[in-house]
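Student: My questions will all concern the structure given below.
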Amino acid sequence: MGEQRMKDFKADERSNFVCHVASDDRQSAMQKHRGPARSLPLWQKVPNAVAVGASYQPAEESVRLVKAAFATARLAAKPREAGCLAQLLFDSFSQPALAGTRSAATRIRQMLYRAEPYQIDLQIELQQERNSLVVTGQLLDVSHPQVIGRDVQLTLSNCGASIVNTVTNQFGEFRGEVENSGDLQLSFLGRAGKPVVILLRGVLDPLS
C-alpha cells in the first residue's frame, strides 16, 4: 500500500519533497511512505544535479572556439553582421618556388592578413616528427602605430579536438603549436568584441 501511495504522488510533489518546499501536510504524508518508495533515491539526486549544473562553467578556450565557429558560419551567410574575416594580402604559396625546390615537400608557409584595424603576419611550419603545426606571428594595430597588439588572446585550432591558447607579448608576437589535421583556424576578439577569424583548409597544400 505504501508503494502504491507513493506512486500516486506527482512529479512536482516529489521534487518539492526532496527540496523541502512542500507543504507540512504533504511533506508528512510523503515522509511516512518514503521507505518502500523505490523511486525516491532518484528524486533525492535532483537537487544535487541542479546545484552542479548551476555552478558549471565551461573552459574559456572552449567558449572562444565556439564563438569563432559560429562567427565563421554567420559570416558566410551575412558577412556584414557577424564579424570580420581577415583579408589575405600575401601568401608564399602563390609565389613561384625556387628552382630545384619545386619537387620538395613544402613545410613552411608565410602569410600576411589585414583585418581592420589589425595586420596579422603568420608563419606556419610543419613539424613532421610530432605531426604538428608551429604557428608564429605578429599582430599590429595599424590604426595606432604607437600601440602594438599586446596582451591579445588568440586561439589556434586544427578544426577538431586540438585547441591551443596563446597571448601576444609586448611586441605583438605570438607562438603556438597545434596537432596537424591538415586544417588550421586562428581567431581572436577584435574591436567591439567581434571575432576576427582566419580559416585555412589544407594549410600546407599548395594546391588547396
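To be explicit about the labels: the chains of the C-alpha cells are called A, B, and onward in the order shown, and within each one the residues are counted from 1, while ligands get numbers from 1 in the order they are shown.
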When you look at segment 105-118 of chain A with a cut-off of 6 Å (counting only C-alpha atoms), what residues show up, excluding the ones that are within fewer than 3 positions of it in the same chain? I need them as a list in words.
Tutor: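 Once the nearby chain positions are removed, what remains is Ala86, Gln87, Leu88, Leu89, Phe90, Asp91, Ser92, Asp121, Leu122, Gln123, Ile124, Glu125, Leu126, Leu140, Asp141, Val142 and Ser143 of chain A.
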Student: Skip segment 128-135 of chain A itself and residues of its chain fewer than 4 positions away, then list as a list in words all residues within 9 Å of it, counting only C-alpha atoms.
Tutor: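 Residues meeting the cut-off are Arg107, Leu122, Gln123, Ile124, Leu156, Asn158, Phe174, Arg175, Gly176, Glu177, Val178, Glu179, Asn180, Ser181 and Leu184 of chain A.
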Student: Would you compute the distance between atom CA of Arg191 of chain A and atom CA of Leu139 of chain A? Give it in Å to one decimal.
Tutor: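 Calculated distance between atom CA of Arg191 of chain A and atom CA of Leu139 of chain A is 13.5 Å.
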Student: Quick check, in Å to one decimal: how far apart do atom CA of Val63 of chain A and atom CA of Asp151 of chain A lie?
Tutor: 18.5 Å
Student: With distances taken over only C-alpha atoms, which of A:Glu60, A:Gln138, A:Asn165, A:Leu85 is nearest to Leu200 of chain A?
Tutor: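 Smallest distance to Leu200 of chain A is found for A:Leu85.
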Student: Can you work out the spacing between atom CA of Ser157 of chain A and atom CA of Leu199 of chain A in Å, to one decimal?
Tutor: 9.5 Å
